[in-house]
Amino acid sequence: MSTVGTEGFATLDGARSKSASTVSPKANSYIVYDELLRQRKAEASRSIIVQVQKENLCDDVLLYCSQFGEINKIFHYTSHIIEHSQKENKDLVFIEFKDEKHFEAALTASTHANHQYIIPACTPMLWFRHTKSSSIKKKLTSNKQIEIKKDSCKVLSKMEIKNKLAKVDSISEQILTLYDFTKLNDAGTRLRFFTAYQIERCFKSLFPNLVVVPFGSSVNTFGKQGCDLDLSLILDQNNTEKISSSLVYQTKYFSGQNKTHVKRLMETIADSMSTFLPGVSNVKKILEARVPIIKFDHLLCGVECDLSTTNMTAYYMSELLYIFGEMDWRVRPLVFTIRKWAESIGLTSKIPGPWISNFMLTMMVLFFLQQQHVLPSINSLKLSASQNDVRVADVHVDCTFLRDITKLPKTKNTDSLEKLLLDFFSYYSNFDFSAKAISLNMGKPVLKSENHPLYICNPLEVNLNVSRIVSIDSLHRLVLAFRDATWVLETKKERNHESKGLLSLFSKESIQKNWKESKKTAR
Ligand code: CTP
Ligand code: MG
């Protein structure tokens, strides 16, 4: 089995018996980001998904597919994406074969049905029909022990999360519980890499050097179950010219700097995916934006996707976030809690607009952890970089920083999650947003170079502000919310059962009450 896993990093095993300040999960061994992506892609390349009419047919699928070879991983999941205003519920089985030849054997044995009414694409997205051969009870060999996990991609409802949090005593444990039950799990991660691989596979015969790389919260380990999938399509990954070659490919003229060219390319990609790829639905082309994207739903994988082209800077940004998440076990649970808090009280939204995003909030948490000496500055990661770490993205963006963090000294900070959470809110309650910018590169506040309400220096393009879009009104709301959260955590020591610990932070009513009061005093 693969060594990759997003599951189980911060488990509560052994944690409950300890005091809140010492609650700490078991550490995983560190995998360099490129290797993690390589392993995930390899898994995706030998995986199939099979739609079944009913959940109880999963065992038959396992039995039938076992004839092609050994199965590494199998799980059941349901996809509920809305299509044409109708909620679709599909039962599916995900199967990873141990070997690519077993995967090939399964595809070779598959067929099309109703030839006259279909685009005859051959993809590893299949459906299961009962025939005489599928009901033959073949003797199971090495797959005997495999157990099919049901409903693997379930997203917990607000009430379910509330009930889980109400069962644990300390805020530190609640933070870990929240993380454990809401983080993107192995099944969700596999489906996201599978989605990326299917698009890559679709265009590979024309563009052998094309890659589709997932980035953002689906891969940087800050994603929650059900999060969107950000994808970057790169037409030619090995764009180095073989100077010694006398045979040169005939090609069409194209310039990545020419907006019309890029638009036409993206339109063609969107139309091809929409026409040829099973599962791809609700395709929307948003091509006038600064970064043009294609939005679509993958109904068979149950994910909503944003595809852009050649966005390698965002890829390295995801790597940077992944590295920070790996540096200390408290980073991800704290980020999850603060994102959840912001979502619960309406500070963030799925719709983009002049308010704070999850990505900006993550930057703020990382910056705060730099102030606590839990995390190092990016400049120090740049200074420790070796020749192997040199990367340049999108022609001019320097993405060189240390990749192998096992070389870094461990932090001496041993604060509990509860303390870090309170200190986070209190730090930003008193931050001088009017004069100072947040610089993860320097690891300390710096003077703003432009007068945007919230200034978070882009770690890879230092002259850009990642929070440029945030309005003064949104910043005010944010600061009031920080103050309110500080107040809630400091004063509500006596918690009643209903609004216990973190739950009192996630309540909209309490924040609105405080906003009203603070507005009165401001008048
Ligand atoms: N990104 C960036 N600069 C920005 C915004 C985004 O480099 N100003 C990159 C980051 O790598 C980010 C990714 O694009 O992680 C995707 O952006 P977005 O979807 O907004 O954030 P996610 O981190 O994916 O969070 P969410 O779960 O809210 O989608
Ligand atoms: Mg995203």
# chains A, B, ... in the order shown; residues from 1 in each chain; ligands from 1

$ residues_around --residues "Cys301 of chain A" --least-positions-apart "2" --cutoff "12 Å" --atoms "only C-alpha atoms" --output "ChimeraX atom specification"
/A:48-51,76-81,89-94,124-126,153,187-198,226,228-229,278-281,296-299,303-305

$ residues_near_ligand --ligand "ligand 1" --cutoff "9 Å" --atoms "only C-alpha atoms and all ligand atoms" --output "MDAnalysis selection string"
chainID A and resid 215:220 222:224 227:231 306 311 313:321 339 348:350 352 357:360 362 458:460 464:468

$ closest_residue --among "A:Ser85, A:Thr131, A:Ser232, A:Thr406" --to "ligand 2" --atoms "only C-alpha atoms and all ligand atoms"
A:Ser232

$ closest_residue --among "A:Leu300, A:Leu475, A:Ile438, A:Ile351" --to "ligand 2" --atoms "only C-alpha atoms and all ligand atoms"
A:Ile351

$ atom_distance --atom1 "atom CA of His115 of chain A" --atom2 "atom CA of Met273 of chain A"
19.9 Å

$ closest_residue --among "A:Asn430, A:Thr268, A:Thr400, A:Asn451" --to "Leu383 of chain A" --atoms "only C-alpha atoms"
A:Thr400

$ closest_residue --among "A:Asp59, A:Asp34, A:Tyr427, A:Phe433" --to "Asp389 of chain A" --atoms "only C-alpha atoms"
A:Asp34

$ select_by_dssp --residues "segment 194-443 of chain A" --states "strand (DSSP E or B)" --output "PyMOL selection string"
chain A and resi 211-215+224+229-234+280-286+293-298+303-309+392-393+397-398+436-439

$ write_last_selection --atoms "N, CA, C and O atoms" --output "compact mmCIF listing (two decimals), in the first residue's frame"
# COMPACT_ATOMS: atom_id res chain seq x y z
N VAL A 211 0.05 18.25 -18.41
CA VAL A 211 -0.28 17.76 -17.06
C VAL A 211 -1.42 18.60 -16.48
O VAL A 211 -1.55 19.79 -16.79
N VAL A 212 -2.23 17.96 -15.66
CA VAL A 212 -3.26 18.68 -14.92
C VAL A 212 -2.94 18.49 -13.44
O VAL A 212 -2.96 17.37 -12.93
N VAL A 213 -2.56 19.59 -12.81
CA VAL A 213 -2.07 19.50 -11.43
C VAL A 213 -3.10 20.08 -10.45
O VAL A 213 -3.53 21.23 -10.63
N PRO A 214 -3.48 19.31 -9.44
CA PRO A 214 -4.35 19.89 -8.42
C PRO A 214 -3.56 20.82 -7.52
O PRO A 214 -2.38 20.59 -7.26
N PHE A 215 -4.18 21.90 -7.06
CA PHE A 215 -3.53 22.78 -6.08
C PHE A 215 -4.61 23.30 -5.14
O PHE A 215 -5.74 22.83 -5.18
N LYS A 224 -11.15 20.88 3.68
CA LYS A 224 -12.10 20.10 4.45
C LYS A 224 -12.88 19.19 3.50
O LYS A 224 -12.87 19.42 2.28
N LEU A 229 -12.15 21.75 -5.87
CA LEU A 229 -10.86 21.29 -6.40
C LEU A 229 -10.32 22.35 -7.37
O LEU A 229 -10.98 22.69 -8.36
N ASP A 230 -9.14 22.88 -7.05
CA ASP A 230 -8.49 23.84 -7.95
C ASP A 230 -7.51 23.07 -8.83
O ASP A 230 -6.73 22.26 -8.33
N LEU A 231 -7.59 23.32 -10.14
CA LEU A 231 -6.74 22.58 -11.08
C LEU A 231 -5.99 23.52 -11.99
O LEU A 231 -6.53 24.56 -12.39
N SER A 232 -4.77 23.14 -12.31
CA SER A 232 -4.01 23.94 -13.26
C SER A 232 -3.62 23.03 -14.43
O SER A 232 -3.03 21.97 -14.23
N LEU A 233 -3.98 23.48 -15.64
CA LEU A 233 -3.65 22.67 -16.82
C LEU A 233 -2.42 23.28 -17.49
O LEU A 233 -2.41 24.46 -17.85
N ILE A 234 -1.37 22.47 -17.60
CA ILE A 234 -0.13 22.95 -18.22
C ILE A 234 0.08 22.16 -19.51
O ILE A 234 0.22 20.93 -19.47
N VAL A 280 -18.52 15.18 -16.36
CA VAL A 280 -18.31 16.63 -16.38
C VAL A 280 -19.62 17.33 -16.75
O VAL A 280 -20.23 17.02 -17.77
N SER A 281 -20.05 18.26 -15.89
CA SER A 281 -21.34 18.89 -16.10
C SER A 281 -21.31 20.35 -15.62
O SER A 281 -20.39 20.73 -14.90
N ASN A 282 -22.33 21.11 -15.97
CA ASN A 282 -22.45 22.53 -15.54
C ASN A 282 -21.19 23.33 -15.84
O ASN A 282 -20.70 24.08 -14.99
N VAL A 283 -20.64 23.17 -17.04
CA VAL A 283 -19.38 23.86 -17.38
C VAL A 283 -19.65 25.36 -17.60
O VAL A 283 -20.54 25.72 -18.36
N LYS A 284 -18.89 26.19 -16.88
CA LYS A 284 -19.04 27.65 -17.04
C LYS A 284 -17.67 28.23 -17.36
O LYS A 284 -16.69 27.92 -16.69
N LYS A 285 -17.63 29.08 -18.40
CA LYS A 285 -16.34 29.67 -18.78
C LYS A 285 -16.28 31.09 -18.20
O LYS A 285 -17.10 31.93 -18.56
N ILE A 286 -15.34 31.32 -17.30
CA ILE A 286 -15.19 32.67 -16.75
C ILE A 286 -13.85 33.17 -17.27
O ILE A 286 -12.81 33.02 -16.63
N ILE A 293 -10.85 31.18 -15.66
CA ILE A 293 -11.07 29.82 -15.18
C ILE A 293 -12.27 29.16 -15.86
O ILE A 293 -13.16 29.84 -16.36
N ILE A 294 -12.24 27.83 -15.84
CA ILE A 294 -13.40 27.04 -16.27
C ILE A 294 -13.94 26.40 -15.00
O ILE A 294 -13.20 25.70 -14.29
N LYS A 295 -15.21 26.65 -14.72
CA LYS A 295 -15.84 26.04 -13.54
C LYS A 295 -16.66 24.86 -14.01
O LYS A 295 -17.36 24.97 -15.02
N PHE A 296 -16.60 23.75 -13.32
CA PHE A 296 -17.47 22.63 -13.67
C PHE A 296 -17.68 21.71 -12.48
O PHE A 296 -16.93 21.77 -11.50
N ASP A 297 -18.72 20.88 -12.56
CA ASP A 297 -18.95 19.86 -11.53
C ASP A 297 -18.55 18.53 -12.12
O ASP A 297 -18.81 18.27 -13.30
N HIS A 298 -17.92 17.69 -11.31
CA HIS A 298 -17.70 16.32 -11.74
C HIS A 298 -18.69 15.45 -10.98
O HIS A 298 -18.51 15.15 -9.81
N VAL A 303 -17.23 16.30 -7.06
CA VAL A 303 -16.44 17.50 -6.73
C VAL A 303 -16.76 18.66 -7.66
O VAL A 303 -17.09 18.45 -8.83
N GLU A 304 -16.65 19.86 -7.09
CA GLU A 304 -16.81 21.08 -7.88
C GLU A 304 -15.41 21.58 -8.19
O GLU A 304 -14.57 21.65 -7.28
N CYS A 305 -15.16 21.92 -9.47
CA CYS A 305 -13.77 22.22 -9.87
C CYS A 305 -13.63 23.60 -10.49
O CYS A 305 -14.56 24.10 -11.14
N ASP A 306 -12.45 24.18 -10.32
CA ASP A 306 -12.03 25.42 -10.99
C ASP A 306 -10.76 25.10 -11.74
O ASP A 306 -9.75 24.78 -11.12
N LEU A 307 -10.79 25.19 -13.06
CA LEU A 307 -9.59 24.86 -13.85
C LEU A 307 -9.02 26.13 -14.47
O LEU A 307 -9.74 26.89 -15.13
N SER A 308 -7.72 26.35 -14.25
CA SER A 308 -7.04 27.48 -14.89
C SER A 308 -5.89 26.91 -15.71
O SER A 308 -5.60 25.71 -15.62
N THR A 309 -5.25 27.75 -16.50
CA THR A 309 -4.11 27.21 -17.25
C THR A 309 -2.82 27.85 -16.74
O THR A 309 -2.82 29.02 -16.34
N VAL A 392 11.51 28.32 -10.53
CA VAL A 392 10.98 29.60 -11.02
C VAL A 392 9.65 29.29 -11.70
O VAL A 392 9.57 28.39 -12.53
N ALA A 393 8.60 30.01 -11.30
CA ALA A 393 7.27 29.74 -11.85
C ALA A 393 6.85 30.84 -12.81
O ALA A 393 7.24 32.01 -12.61
N VAL A 397 8.63 34.23 -11.43
CA VAL A 397 8.36 34.20 -9.98
C VAL A 397 9.31 33.22 -9.28
O VAL A 397 9.28 32.01 -9.55
N ASP A 398 10.14 33.76 -8.39
CA ASP A 398 11.11 32.92 -7.68
C ASP A 398 10.40 32.12 -6.58
O ASP A 398 9.87 32.69 -5.64
N LYS A 436 0.23 48.80 9.21
CA LYS A 436 1.12 47.64 9.04
C LYS A 436 0.57 46.59 8.06
O LYS A 436 -0.63 46.39 7.94
N ALA A 437 1.52 45.96 7.40
CA ALA A 437 1.19 44.83 6.51
C ALA A 437 1.71 43.55 7.15
O ALA A 437 2.64 43.58 7.96
N ILE A 438 1.10 42.44 6.77
CA ILE A 438 1.51 41.12 7.28
C ILE A 438 2.50 40.54 6.27
O ILE A 438 2.16 40.35 5.10
N SER A 439 3.72 40.30 6.74
CA SER A 439 4.72 39.76 5.82
C SER A 439 5.24 38.42 6.34
O SER A 439 5.99 38.37 7.32

$ select_by_dssp --residues "segment 61-100 of chain A" --states "helix (DSSP H, G or I)" --output "MDAnalysis selection string"
chainID A and resid 61:68 100

$ closest_residue --among "A:Ala342, A:Val248, A:Val446, A:Phe324" --to "Ser474 of chain A" --atoms "only C-alpha atoms"
A:Ala342

$ closest_residue --among "A:Gln372, A:Asn163, A:Asn209, A:Thr221" --to "ligand 2" --atoms "only C-alpha atoms and all ligand atoms"
A:Thr221

$ residues_around --residues "Leu421 of chain A" --least-positions-apart "4" --cutoff "7 Å" --atoms "only C-alpha atoms" --output "list in words"
Leu334, Leu417 and Phe425 of chain A

$ residues_around --residues "Leu165 of chain A" --least-positions-apart "6" --cutoff "12 Å" --atoms "only C-alpha atoms" --output "list in words"
Lys158, Met159, Ile171, Ser172, Glu173, Gln174, Ile175, Leu176, Thr177, Leu178, Tyr179, Asp180, Phe181, Thr182, Thr337, His497, Glu498, Ser499, Lys500, Gly501, Leu502, Leu503, Ser504 and Phe506 of chain A
